[in-house]
$ cat structure.txt   # compact mmCIF, C-alpha atoms
# COMPACT_ATOMS: atom_id res chain seq x y z
CA MET C 94 -34.18 3.51 22.15
CA TYR C 95 -31.54 5.13 24.34
CA PHE C 96 -28.13 5.94 22.89
CA PRO C 97 -25.69 6.26 25.83
CA ILE C 98 -22.81 7.87 23.94
CA SER C 99 -24.72 10.98 22.90
CA GLY C 100 -27.28 10.68 25.71
CA THR C 101 -30.28 10.83 23.36
CA GLU C 102 -33.55 8.92 23.03
CA ILE C 103 -34.53 8.27 19.39
CA SER C 104 -36.81 5.78 17.63
CA PRO C 105 -34.69 3.30 15.62
CA PHE C 106 -37.43 3.28 12.92
CA TYR C 107 -36.91 7.01 12.48
CA LEU C 108 -33.20 6.41 11.96
CA ILE C 109 -33.74 3.52 9.53
CA GLY C 110 -36.28 5.53 7.51
CA LEU C 111 -33.96 8.52 7.49
CA GLY C 112 -31.09 6.32 6.33
CA PHE C 113 -33.24 4.80 3.55
CA ILE C 114 -34.27 8.18 2.14
CA ILE C 115 -30.74 9.51 2.37
CA GLY C 116 -29.45 6.35 0.71
CA ILE C 117 -31.69 6.93 -2.31
CA LEU C 118 -30.69 10.58 -2.43
CA GLY C 119 -27.04 9.69 -2.18
CA GLY C 120 -27.15 7.10 -4.91
CA PHE C 121 -29.14 9.35 -7.23
CA PHE C 122 -27.64 12.78 -6.60
CA GLY C 123 -24.17 11.79 -5.48
CA VAL C 124 -24.51 13.58 -2.19
CA GLY C 125 -24.01 12.21 1.29
CA GLY C 126 -27.33 13.56 2.46
CA SER C 127 -25.92 15.48 5.39
CA PHE C 128 -28.01 18.49 4.39
CA LEU C 129 -30.98 16.30 5.41
CA ALA C 130 -29.45 13.92 7.95
CA GLY C 131 -27.82 16.68 9.99
CA PRO C 132 -30.95 18.76 10.49
CA ALA C 133 -33.05 15.59 10.95
CA LEU C 134 -30.78 14.39 13.76
CA PHE C 135 -30.64 17.86 15.33
CA ALA C 136 -34.44 18.04 15.24
CA VAL C 137 -34.72 14.92 17.47
CA GLY C 138 -32.32 16.22 20.08
CA VAL C 139 -28.87 15.01 19.05
CA PRO C 140 -26.29 17.64 20.10
CA MET C 141 -24.75 19.40 17.11
CA ASN C 142 -21.19 18.17 17.70
CA PHE C 143 -22.52 14.58 17.62
CA VAL C 144 -24.59 15.43 14.53
CA VAL C 145 -21.44 16.48 12.68
CA GLY C 146 -19.30 13.46 13.59
CA THR C 147 -22.02 10.78 13.50
CA ASP C 148 -23.26 11.87 10.10
CA LEU C 149 -19.72 11.66 8.71
CA LEU C 150 -19.37 8.08 9.96
CA HIS C 151 -22.73 7.07 8.52
CA ILE C 152 -21.65 8.50 5.18
CA VAL C 153 -18.59 6.24 5.07
CA GLY C 154 -20.82 3.18 4.91
CA LYS C 155 -23.41 4.65 2.59
CA SER C 156 -20.95 6.05 0.10
CA MET C 157 -19.15 2.69 -0.11
CA VAL C 158 -22.33 1.04 -1.35
CA ALA C 159 -23.34 3.79 -3.76
CA ALA C 160 -19.81 4.27 -5.12
CA ARG C 161 -19.61 0.59 -5.98
CA ARG C 162 -22.84 0.89 -7.97
CA HIS C 163 -21.58 3.94 -9.82
CA ARG C 164 -18.30 2.21 -10.56
CA ILE C 165 -20.28 -0.50 -12.34
CA LEU C 166 -22.11 2.21 -14.32
CA GLY C 167 -18.78 3.82 -15.33
CA ASN C 168 -19.46 7.05 -13.43
CA ILE C 169 -16.19 7.33 -11.50
CA ASP C 170 -13.14 9.29 -12.67
CA LEU C 171 -10.48 7.76 -10.43
CA ARG C 172 -7.77 10.25 -11.38
CA LEU C 173 -10.01 13.16 -10.41
CA ALA C 174 -11.05 11.43 -7.20
CA MET C 175 -7.49 10.83 -6.06
CA VAL C 176 -6.55 14.50 -6.51
CA MET C 177 -9.70 15.65 -4.75
CA VAL C 178 -9.03 13.42 -1.75
CA LEU C 179 -5.86 15.35 -1.01
CA GLY C 180 -7.63 18.70 -0.94
CA THR C 181 -10.62 17.38 0.99
CA ILE C 182 -8.56 15.88 3.79
CA GLY C 183 -6.72 19.17 4.28
CA GLY C 184 -9.92 21.17 4.35
CA SER C 185 -11.65 18.63 6.56
CA GLU C 186 -8.97 18.97 9.24
CA ILE C 187 -9.55 22.72 9.35
CA GLY C 188 -13.28 22.13 9.69
CA VAL C 189 -12.74 19.68 12.54
CA GLN C 190 -10.58 22.21 14.40
CA GLY C 191 -13.31 24.79 13.88
CA VAL C 192 -15.88 22.59 15.61
CA GLU C 193 -13.49 22.02 18.54
CA ALA C 194 -12.96 25.75 18.91
CA LEU C 195 -16.74 26.33 19.00
CA LYS C 196 -17.19 23.55 21.56
CA ARG C 197 -14.79 25.32 23.89
CA ILE C 198 -16.98 28.45 23.86
CA ALA C 199 -20.27 26.46 23.76
CA LYS C 200 -21.40 27.98 20.46
CA VAL C 201 -21.50 24.87 18.25
CA ASP C 202 -25.29 24.61 17.87
CA LEU C 203 -25.79 28.26 16.98
CA VAL C 204 -22.88 28.82 14.59
CA VAL C 205 -23.02 25.49 12.77
CA GLY C 206 -26.82 25.64 12.57
CA VAL C 207 -26.99 29.14 11.13
CA THR C 208 -24.12 28.49 8.72
CA THR C 209 -25.79 25.30 7.54
CA THR C 210 -29.09 27.08 6.89
CA ILE C 211 -27.47 29.88 4.88
CA VAL C 212 -25.37 27.51 2.79
CA LEU C 213 -28.31 25.20 2.04
CA VAL C 214 -30.60 28.01 0.90
CA ALA C 215 -27.90 29.63 -1.25
CA THR C 216 -26.99 26.30 -2.89
CA SER C 217 -30.62 25.49 -3.58
CA CYS C 218 -31.30 28.85 -5.23
CA PHE C 219 -28.24 28.72 -7.47
CA VAL C 220 -28.70 25.12 -8.61
CA PHE C 221 -32.39 25.70 -9.36
CA PHE C 222 -31.62 28.79 -11.42
CA GLU C 223 -28.85 27.11 -13.41
CA SER C 224 -30.74 23.90 -14.13
CA TRP C 225 -33.84 25.87 -15.14
CA MET C 226 -31.69 27.81 -17.63
CA ALA C 227 -30.06 24.56 -18.82
CA LEU C 228 -33.40 22.86 -19.47
CA LYS C 229 -34.30 25.70 -21.84
CA LEU C 230 -31.18 25.05 -23.94
CA LYS C 231 -31.54 22.93 -27.08
CA GLY C 232 -29.59 19.71 -26.69
CA SER C 233 -28.71 16.75 -28.91
CA ASP C 234 -31.38 15.25 -31.18
CA LYS C 235 -30.20 11.71 -30.45
CA PRO C 236 -32.20 9.47 -28.11
CA LEU C 237 -31.07 9.78 -24.49
CA GLN C 238 -29.46 6.32 -24.40
CA GLU C 239 -27.25 7.16 -27.43
CA GLN C 240 -25.97 10.50 -26.17
CA THR C 241 -22.46 10.93 -24.75
CA SER C 242 -22.13 12.19 -21.18
CA GLN C 243 -21.34 15.70 -22.47
CA GLU C 244 -24.37 15.69 -24.81
CA LYS C 245 -26.70 14.61 -22.00
CA ASP C 246 -25.37 17.24 -19.70
CA LYS C 247 -26.40 20.67 -20.91
CA GLN C 248 -25.19 23.48 -18.63
CA ALA C 249 -26.24 27.12 -18.57
CA PHE C 250 -23.01 28.50 -17.09
CA GLN C 251 -20.39 26.61 -19.07
CA PHE C 252 -18.33 29.79 -19.37
CA ILE C 253 -17.30 29.32 -15.71
CA ALA C 254 -15.86 25.86 -16.39
CA HIS C 255 -14.24 27.10 -19.62
CA TRP C 256 -12.50 29.83 -17.64
CA THR C 257 -11.29 27.26 -15.10
CA HIS C 258 -9.92 25.08 -17.89
CA SER C 259 -8.06 28.05 -19.34
CA LEU C 260 -6.14 28.73 -16.10
CA ASP C 261 -2.47 28.19 -16.68
CA TRP C 262 -1.52 26.98 -13.19
CA SER C 263 0.76 24.00 -13.55
CA PRO C 264 0.77 21.16 -12.96
CA LYS C 265 -2.08 20.44 -15.36
CA LEU C 266 -3.63 17.07 -15.98
CA GLY C 267 -6.07 15.52 -18.41
CA LEU C 268 -9.29 13.85 -17.31
CA PRO C 269 -10.23 11.72 -20.34
CA HIS C 270 -12.93 9.85 -18.48
CA SER C 271 -14.68 13.19 -17.82
CA GLY C 272 -13.99 14.48 -21.34
CA ILE C 273 -11.57 17.19 -20.15
CA LYS C 274 -8.36 17.64 -22.13
CA SER C 275 -6.47 19.73 -19.60
CA ILE C 276 -7.20 21.32 -16.23
CA SER C 277 -5.03 22.76 -13.49
CA ALA C 278 -4.54 20.40 -10.53
CA TRP C 279 -4.67 23.49 -8.29
CA ALA C 280 -8.21 24.22 -9.44
CA ILE C 281 -9.25 20.71 -8.44
CA LEU C 282 -7.41 20.98 -5.12
CA LEU C 283 -8.99 24.36 -4.34
CA VAL C 284 -12.52 23.11 -5.02
CA SER C 285 -11.98 19.99 -2.93
CA PHE C 286 -10.25 21.95 -0.12
CA VAL C 287 -13.27 24.23 0.27
CA GLY C 288 -15.56 21.21 0.16
CA GLY C 289 -13.43 19.61 2.86
CA ILE C 290 -13.83 22.61 5.14
CA PHE C 291 -17.60 22.38 4.80
CA SER C 292 -17.41 18.66 5.44
CA GLY C 293 -15.39 18.91 8.62
CA PHE C 294 -17.24 21.94 9.94
CA LEU C 295 -20.87 21.24 8.99
CA GLY C 296 -20.65 17.46 8.94
CA GLY C 297 -21.35 14.99 6.19
CA GLY C 298 -19.58 14.73 2.88
CA ALA C 299 -20.57 18.24 1.73
CA GLY C 300 -21.75 16.78 -1.56
CA TYR C 301 -24.30 19.61 -1.79
CA ILE C 302 -21.26 21.89 -2.23
CA ARG C 303 -18.83 19.59 -3.98
CA MET C 304 -21.10 18.02 -6.61
CA PRO C 305 -22.34 21.39 -7.94
CA SER C 306 -18.77 22.73 -7.73
CA MET C 307 -17.46 19.84 -9.81
CA VAL C 308 -20.15 20.48 -12.43
CA TYR C 309 -20.07 24.29 -12.60
CA LEU C 310 -16.46 25.13 -11.70
CA LEU C 311 -14.57 22.13 -13.08
CA GLY C 312 -16.95 21.22 -15.93
CA ILE C 313 -17.34 17.58 -14.92
CA PRO C 314 -20.42 15.89 -16.48
CA THR C 315 -23.16 15.48 -13.87
CA HIS C 316 -23.26 11.65 -13.86
CA ILE C 317 -19.49 11.43 -13.43
CA ALA C 318 -19.54 14.19 -10.78
CA ILE C 319 -22.07 12.10 -8.84
CA GLY C 320 -20.06 8.88 -8.94
CA THR C 321 -16.67 10.50 -8.40
CA ASP C 322 -17.96 12.56 -5.52
CA LEU C 323 -19.27 9.46 -3.79
CA PHE C 324 -15.94 7.68 -4.15
CA GLU C 325 -14.03 10.68 -2.89
CA VAL C 326 -16.45 11.13 0.02
CA MET C 327 -15.84 7.56 1.08
CA VAL C 328 -12.15 8.32 1.64
CA SER C 329 -12.43 11.80 3.10
CA ALA C 330 -15.38 10.94 5.35
CA SER C 331 -13.34 8.07 6.81
CA TYR C 332 -10.64 10.54 7.79
CA GLY C 333 -13.11 13.13 9.10
CA SER C 334 -15.15 10.66 11.13
CA PHE C 335 -12.00 9.15 12.65
CA ARG C 336 -10.85 12.61 13.74
CA HIS C 337 -14.28 13.45 15.15
CA ALA C 338 -14.42 10.11 16.98
CA LEU C 339 -11.12 10.94 18.65
CA ASN C 340 -12.64 14.23 19.80
CA GLY C 341 -15.75 12.52 21.21
CA ASN C 342 -18.17 13.68 18.51
CA VAL C 343 -19.41 10.33 17.16
CA ASP C 344 -22.30 8.13 18.34
CA VAL C 345 -21.46 5.00 16.38
CA LEU C 346 -24.74 3.22 17.20
CA ILE C 347 -26.82 5.97 15.60
CA ALA C 348 -24.64 5.79 12.50
CA LEU C 349 -24.87 2.00 12.29
CA ILE C 350 -28.67 2.03 12.51
CA MET C 351 -29.02 4.77 9.89
CA GLN C 352 -26.76 2.84 7.56
CA THR C 353 -29.00 -0.25 7.67
CA GLY C 354 -31.67 1.73 5.81
CA ALA C 355 -29.19 3.45 3.55
CA ALA C 356 -27.82 0.12 2.31
CA VAL C 357 -31.03 -0.55 0.39
CA GLY C 358 -31.74 3.04 -0.62
CA ALA C 359 -28.30 3.63 -2.13
CA GLN C 360 -28.68 0.75 -4.58
CA ILE C 361 -32.05 2.03 -5.76
CA GLY C 362 -30.75 5.58 -6.15
CA ALA C 363 -27.67 4.66 -8.19
CA VAL C 364 -29.67 2.59 -10.70
CA LEU C 365 -32.18 5.42 -11.21
CA THR C 366 -29.51 7.82 -12.60
CA GLN C 367 -29.51 5.87 -15.85
CA TYR C 368 -32.97 7.12 -16.70
CA PHE C 369 -32.45 10.88 -16.27
CA GLU C 370 -30.30 13.51 -17.99
CA GLY C 371 -28.06 15.96 -16.14
CA PRO C 372 -30.19 19.14 -15.99
CA LYS C 373 -33.22 17.22 -14.71
CA ILE C 374 -31.15 15.61 -11.98
CA ARG C 375 -29.80 19.01 -10.95
CA MET C 376 -33.28 20.56 -11.03
CA ALA C 377 -34.60 17.87 -8.71
CA PHE C 378 -31.54 18.27 -6.50
CA ALA C 379 -32.17 22.01 -6.09
CA PHE C 380 -35.12 21.46 -3.74
CA LEU C 381 -33.36 19.11 -1.38
CA PRO C 382 -31.20 21.58 0.56
CA LEU C 383 -34.36 23.59 1.31
CA ILE C 384 -35.77 20.60 3.18
CA GLY C 385 -32.66 20.49 5.31
CA ALA C 386 -32.79 24.23 5.92
CA GLY C 387 -36.43 23.90 6.99
CA LEU C 388 -35.59 21.13 9.45
CA MET C 389 -32.75 23.20 10.89
CA ILE C 390 -35.02 26.21 11.39
CA TYR C 391 -37.63 23.92 12.96
CA GLY C 392 -34.98 22.61 15.33
CA PHE C 393 -34.03 26.09 16.47
CA MET C 394 -37.60 27.32 16.85
CA THR C 395 -38.91 24.33 18.82
CA GLY C 396 -35.81 23.59 20.91
CA HIS C 397 -35.03 20.67 18.52
CA ARG C 398 -37.50 17.97 19.54
CA ILE C 399 -39.62 16.11 17.00
CA HIS C 400 -42.07 13.99 18.99
CA MET H 66 -44.50 -11.91 -14.87
CA ARG H 67 -47.33 -9.46 -13.99
CA PRO H 68 -46.44 -6.15 -12.30
CA SER H 69 -48.47 -7.15 -9.23
CA GLN H 70 -46.31 -10.26 -8.87
CA ASN H 71 -43.15 -8.10 -9.15
CA TRP H 72 -44.34 -5.88 -6.29
CA LYS H 73 -45.25 -8.92 -4.20
CA ALA H 74 -41.80 -10.39 -4.75
CA PHE H 75 -40.19 -7.03 -3.89
CA ALA H 76 -42.32 -6.70 -0.75
CA GLY H 77 -41.38 -10.25 0.26
CA GLU H 78 -37.69 -9.50 -0.09
CA LEU H 79 -38.09 -6.30 1.96
CA ILE H 80 -39.85 -8.25 4.71
CA LEU H 81 -37.03 -10.79 4.72
CA TYR H 82 -34.48 -7.95 4.90
CA ALA H 83 -36.44 -6.39 7.78
CA MET H 84 -36.41 -9.69 9.67
CA LEU H 85 -32.67 -10.04 9.22
CA LEU H 86 -32.26 -6.46 10.45
CA TRP H 87 -34.40 -7.14 13.52
CA GLY H 88 -32.22 -10.12 14.39
CA TYR H 89 -29.13 -7.99 13.89
CA PHE H 90 -30.50 -5.30 16.22
CA VAL H 91 -31.50 -7.71 18.96
CA PHE H 92 -28.48 -9.99 18.93
CA VAL H 93 -25.67 -7.62 17.92
CA LEU H 94 -26.28 -3.89 18.21
CA HIS H 95 -28.18 -4.12 21.50
CA TYR H 96 -25.20 -5.74 23.21
CA LEU H 97 -22.70 -3.39 21.65
CA ALA H 98 -24.14 -0.26 23.29
CA ASP H 99 -22.56 -0.61 26.74
CA TRP H 100 -19.22 -1.85 25.42
CA LEU H 101 -18.99 1.04 22.96
CA LYS H 102 -19.82 3.48 25.76
CA GLU H 103 -16.96 2.04 27.81
CA LEU H 104 -14.56 2.46 24.92
CA PHE H 105 -15.83 5.99 24.29
CA ASP H 106 -15.17 6.95 27.93
CA HIS H 107 -11.78 5.24 28.40
CA ASP H 108 -9.98 4.65 25.09
CA ARG H 109 -10.76 7.09 22.28
CA TRP H 110 -8.21 5.74 19.82
CA LEU H 111 -9.63 2.25 20.09
CA PHE H 112 -13.16 3.65 19.98
CA ALA H 113 -12.42 5.60 16.78
CA THR H 114 -10.81 2.56 15.14
CA VAL H 115 -13.62 0.23 16.18
CA ALA H 116 -16.26 2.73 14.98
CA LEU H 117 -14.72 2.95 11.53
CA LEU H 118 -14.21 -0.81 11.23
CA LEU H 119 -17.77 -1.51 12.41
CA MET H 120 -19.18 0.87 9.83
CA ILE H 121 -17.08 -0.52 6.97
CA GLY H 122 -17.82 -4.11 8.01
CA GLN H 123 -21.55 -3.47 8.34
CA ALA H 124 -21.69 -1.64 5.01
CA ALA H 125 -19.91 -4.48 3.22
CA GLY H 126 -22.08 -7.12 4.90
CA LEU H 127 -25.38 -5.35 4.23
CA GLU H 128 -24.36 -4.67 0.64
CA ILE H 129 -23.83 -8.38 0.10
CA VAL H 130 -27.22 -9.19 1.66
CA SER H 131 -29.15 -6.46 -0.20
CA SER H 132 -27.43 -7.29 -3.52
CA PHE H 133 -28.38 -10.93 -3.08
CA LEU H 134 -31.99 -9.96 -2.39
CA PHE H 135 -32.12 -7.65 -5.44
CA GLN H 136 -30.71 -10.40 -7.65
CA LEU H 137 -33.45 -12.70 -6.38
CA ILE H 138 -36.05 -10.10 -7.45
CA ARG H 139 -34.52 -9.73 -10.93
CA ARG H 140 -34.35 -13.50 -11.45
CA ARG H 141 -38.02 -13.80 -10.56
CA GLN H 142 -38.87 -10.94 -12.94
CA LYS H 143 -37.17 -12.84 -15.78
$ encode --input "structure.txt" --output "C-alpha cells"
Amino acid sequence: MYFPISGTEISPFYLIGLGFIIGILGGFFGVGGSFLAGPALFAVGVPMNFVVGTDLLHIVGKSMVAARRHRILGNIDLRLAMVMVLGTIGGSEIGVQGVEALKRIAKVDLVVGVTTTIVLVATSCFVFFESWMALKLKGSDKPLQEQTSQEKDKQAFQFIAHWTHSLDWSPKLGLPHSGIKSISAWAILLVSFVGGIFSGFLGGGAGYIRMPSMVYLLGIPTHIAIGTDLFEVMVSASYGSFRHALNGNVDVLIALIMQTGAAVGAQIGAVLTQYFEGPKIRMAFAFLPLIGAGLMIYGFMTGHRIH
Amino acid sequence: MRPSQNWKAFAGELILYAMLLWGYFVFVLHYLADWLKELFDHDRWLFATVALLLMIGQAAGLEIVSSFLFQLIRRRQK
C-alpha cells in the first residue's frame, strides 16, 4: 500500500501486526513502544523525520486505550501525572526543535538513529542488571495478591530514590497513591523534562526512559509507574505529534493503521500486569530495547529496507 | 466451558474484528489518503488538527468495539 504523505510503500498487515505487538508491550510495560516502532518503521523505508512524528501520533491513540485499562486497575497517580505533563511538554518542544535543526543540515537519519541505538542498549543493560539484583532480594512472605504495591515491588537501587526523596527543593508534594510521603516537585519536573526531550527528539513517548526513571529515581512502584506513564504520555504525545504535524513530520495514515492493531493488544497487555510482580516485569522489559537497537542497526546496514 | 471452546470463541471474535477492520480500510481510510495529502501540502494547521482528531476518534471507536468483543468472550466463558 502506498502512503503519499511520506512517499513510502508498506504492507498494511506489517503495520497492523506491529501495532498489535506494541499495543501488548505498551499495556504491559507502560511504554509507548517507540523503541520498537521507530526502528521497525525505519527498517521498511520510512524517513526518520516521519518515523519520529508518526510514531508520536500513533502513541496518542494507543496510550488512551491502555491508560483507561490501568485507571480501572488503580495504577494511575493523577497528581504525579499532572506535574510530569508540564515537564514533558517543555522537554518535548526542545526535542522537536532539535529534529528541525537536523533536517536543515540533512543529518536526521544518522544522528537520531545512532542516538536511539546508544540509548536503547544502555537502558536495556541497566534495567536488566537492576531487576536481576532485585529478584535476588527476599520479599514479602504474603501471597502475591495480598501484597501492597510497595511489597510487590522490590528494587535493588532504592538508595537512589531515597536520596531523591531527601532533596529539600521546595515546593514538595505528597504522592499518597504511590506511597510517597514527600518529594520535591522539581525532581519530578526534571525527570519528565529529560523524558520529554527524548520524546520530541527520538520520537514516541520515551517510556523506555521515563518508566525506569520513575521507578529508580522517583521511587514510584512499578505498576503505578506503568499506568501513570501511559496517562502522561497520552497528553504529551498529543502536543508533540501536533507540533511535528505542523512541521510536516507525520504520516497520519500509517499511524491510523498501526493503531488498529494496537487497540486490541493494549487491552491484553494491561490485564496481564495483574499476574506479575515488579522485578519480573522489569526483567522482561530489559530485553525489549535491544530488539529496537537491532532493528535500527539492521536499517543502517541494509539501507533500511525489509522486503 | 472447555479451553478449546474458549479459544474458538476468541478466534471467532478476532475474525469478526478483522472483518470490521477490512471494511474500515476499504470504505474509510482508502478514501482519506488523497484528501489528507492535499491538507498536508496546503494547510498544515488543519492537517495537524485533523490528524489528532482522527487518531483520538479512531482510538475511542476501536476501544468501544474491542471492549464489546472482549465482553462477549467473557460472557461465553461464564
$ closest_residue --input "structure.txt" --among "H:Gln123, H:Thr114, H:Gln136, H:Ser131" --to "Ile80 in chain H" --atoms "only C-alpha atoms"
H:Ser131
$ residues_around --input "structure.txt" --residues "range 82-98 of chain H" --least-positions-apart "5" --cutoff "12 Å" --atoms "all atoms listed in the file" --output "number ranges by chain"
C: 94-100, 105-106, 109-110, 344-354, 356-357; H: 75-77, 103-105, 112, 115-116, 119-120, 123, 126-135
$ axis_aligned_box --input "structure.txt" --around "range 386-390 of chain C" --padding-each-side "8 Å" --output "JSON"
{"center_x": -34.6, "center_y": 23.7, "center_z": 8.7, "size_x": 19.7, "size_y": 21.1, "size_z": 21.5}
$ closest_residue --input "structure.txt" --among "C:Thr257, C:Gly387, C:Ile361, C:Val207" --to "Leu118 in chain C" --atoms "only C-alpha atoms"
C:Ile361
$ residues_around --input "structure.txt" --residues "Phe291 in chain C" --least-positions-apart "3" --cutoff "8 Å" --atoms "only C-alpha atoms" --output "mmCIF file with C-alpha atoms, keeping the file's coordinate frame"
data_model
loop_
_atom_site.group_PDB
_atom_site.id
_atom_site.type_symbol
_atom_site.label_atom_id
_atom_site.label_comp_id
_atom_site.auth_asym_id
_atom_site.auth_seq_id
_atom_site.Cartn_x
_atom_site.Cartn_y
_atom_site.Cartn_z
ATOM 1 C CA GLY C 184 -9.920 21.170 4.350
ATOM 2 C CA SER C 185 -11.650 18.630 6.560
ATOM 3 C CA GLY C 188 -13.280 22.130 9.690
ATOM 4 C CA VAL C 287 -13.270 24.230 0.270
ATOM 5 C CA GLY C 288 -15.560 21.210 0.160
ATOM 6 C CA PHE C 294 -17.240 21.940 9.940
ATOM 7 C CA LEU C 295 -20.870 21.240 8.990
ATOM 8 C CA GLY C 296 -20.650 17.460 8.940
ATOM 9 C CA ALA C 299 -20.570 18.240 1.730
ATOM 10 C CA ILE C 302 -21.260 21.890 -2.230
#
$ closest_residue --input "structure.txt" --among "H:Asp106, H:Ala124, H:Leu137, H:Leu118" --to "chain C" --atoms "all atoms listed in the file"
H:Ala124
$ closest_residue --input "structure.txt" --among "C:Gly300, C:Thr147, C:Val284, C:Ser127" --to "chain H" --atoms "only C-alpha atoms"
C:Thr147
$ residues_around --input "structure.txt" --residues "Ser292 in chain C" --least-positions-apart "5" --cutoff "12 Å" --atoms "all atoms listed in the file" --output "PDB file with C-alpha atoms, in the frame of the given file"
ATOM      1  CA  VAL C 124     -24.510  13.580  -2.190  1.00  0.00           C
ATOM      2  CA  GLY C 125     -24.010  12.210   1.290  1.00  0.00           C
ATOM      3  CA  GLY C 126     -27.330  13.560   2.460  1.00  0.00           C
ATOM      4  CA  SER C 127     -25.920  15.480   5.390  1.00  0.00           C
ATOM      5  CA  PHE C 128     -28.010  18.490   4.390  1.00  0.00           C
ATOM      6  CA  GLY C 131     -27.820  16.680   9.990  1.00  0.00           C
ATOM      7  CA  VAL C 145     -21.440  16.480  12.680  1.00  0.00           C
ATOM      8  CA  GLY C 146     -19.300  13.460  13.590  1.00  0.00           C
ATOM      9  CA  ASP C 148     -23.260  11.870  10.100  1.00  0.00           C
ATOM     10  CA  LEU C 149     -19.720  11.660   8.710  1.00  0.00           C
ATOM     11  CA  LEU C 150     -19.370   8.080   9.960  1.00  0.00           C
ATOM     12  CA  ILE C 152     -21.650   8.500   5.180  1.00  0.00           C
ATOM     13  CA  GLY C 180      -7.630  18.700  -0.940  1.00  0.00           C
ATOM     14  CA  THR C 181     -10.620  17.380   0.990  1.00  0.00           C
ATOM     15  CA  ILE C 182      -8.560  15.880   3.790  1.00  0.00           C
ATOM     16  CA  GLY C 183      -6.720  19.170   4.280  1.00  0.00           C
ATOM     17  CA  GLY C 184      -9.920  21.170   4.350  1.00  0.00           C
ATOM     18  CA  SER C 185     -11.650  18.630   6.560  1.00  0.00           C
ATOM     19  CA  GLU C 186      -8.970  18.970   9.240  1.00  0.00           C
ATOM     20  CA  ILE C 187      -9.550  22.720   9.350  1.00  0.00           C
ATOM     21  CA  GLY C 188     -13.280  22.130   9.690  1.00  0.00           C
ATOM     22  CA  VAL C 189     -12.740  19.680  12.540  1.00  0.00           C
ATOM     23  CA  GLN C 190     -10.580  22.210  14.400  1.00  0.00           C
ATOM     24  CA  GLY C 191     -13.310  24.790  13.880  1.00  0.00           C
ATOM     25  CA  VAL C 192     -15.880  22.590  15.610  1.00  0.00           C
ATOM     26  CA  VAL C 205     -23.020  25.490  12.770  1.00  0.00           C
ATOM     27  CA  THR C 209     -25.790  25.300   7.540  1.00  0.00           C
ATOM     28  CA  SER C 285     -11.980  19.990  -2.930  1.00  0.00           C
ATOM     29  CA  PHE C 286     -10.250  21.950  -0.120  1.00  0.00           C
ATOM     30  CA  VAL C 287     -13.270  24.230   0.270  1.00  0.00           C
ATOM     31  CA  GLY C 297     -21.350  14.990   6.190  1.00  0.00           C
ATOM     32  CA  GLY C 298     -19.580  14.730   2.880  1.00  0.00           C
ATOM     33  CA  ALA C 299     -20.570  18.240   1.730  1.00  0.00           C
ATOM     34  CA  GLY C 300     -21.750  16.780  -1.560  1.00  0.00           C
ATOM     35  CA  TYR C 301     -24.300  19.610  -1.790  1.00  0.00           C
ATOM     36  CA  ILE C 302     -21.260  21.890  -2.230  1.00  0.00           C
ATOM     37  CA  ARG C 303     -18.830  19.590  -3.980  1.00  0.00           C
ATOM     38  CA  VAL C 326     -16.450  11.130   0.020  1.00  0.00           C
ATOM     39  CA  SER C 329     -12.430  11.800   3.100  1.00  0.00           C
ATOM     40  CA  ALA C 330     -15.380  10.940   5.350  1.00  0.00           C
ATOM     41  CA  SER C 331     -13.340   8.070   6.810  1.00  0.00           C
ATOM     42  CA  TYR C 332     -10.640  10.540   7.790  1.00  0.00           C
ATOM     43  CA  GLY C 333     -13.110  13.130   9.100  1.00  0.00           C
ATOM     44  CA  SER C 334     -15.150  10.660  11.130  1.00  0.00           C
ATOM     45  CA  HIS C 337     -14.280  13.450  15.150  1.00  0.00           C
TER      46      HIS C 337
END
$ atom_distance --input "structure.txt" --atom1 "CA of Lys155 in chain C" --atom2 "CA of Phe222 in chain C"
29.1 Å
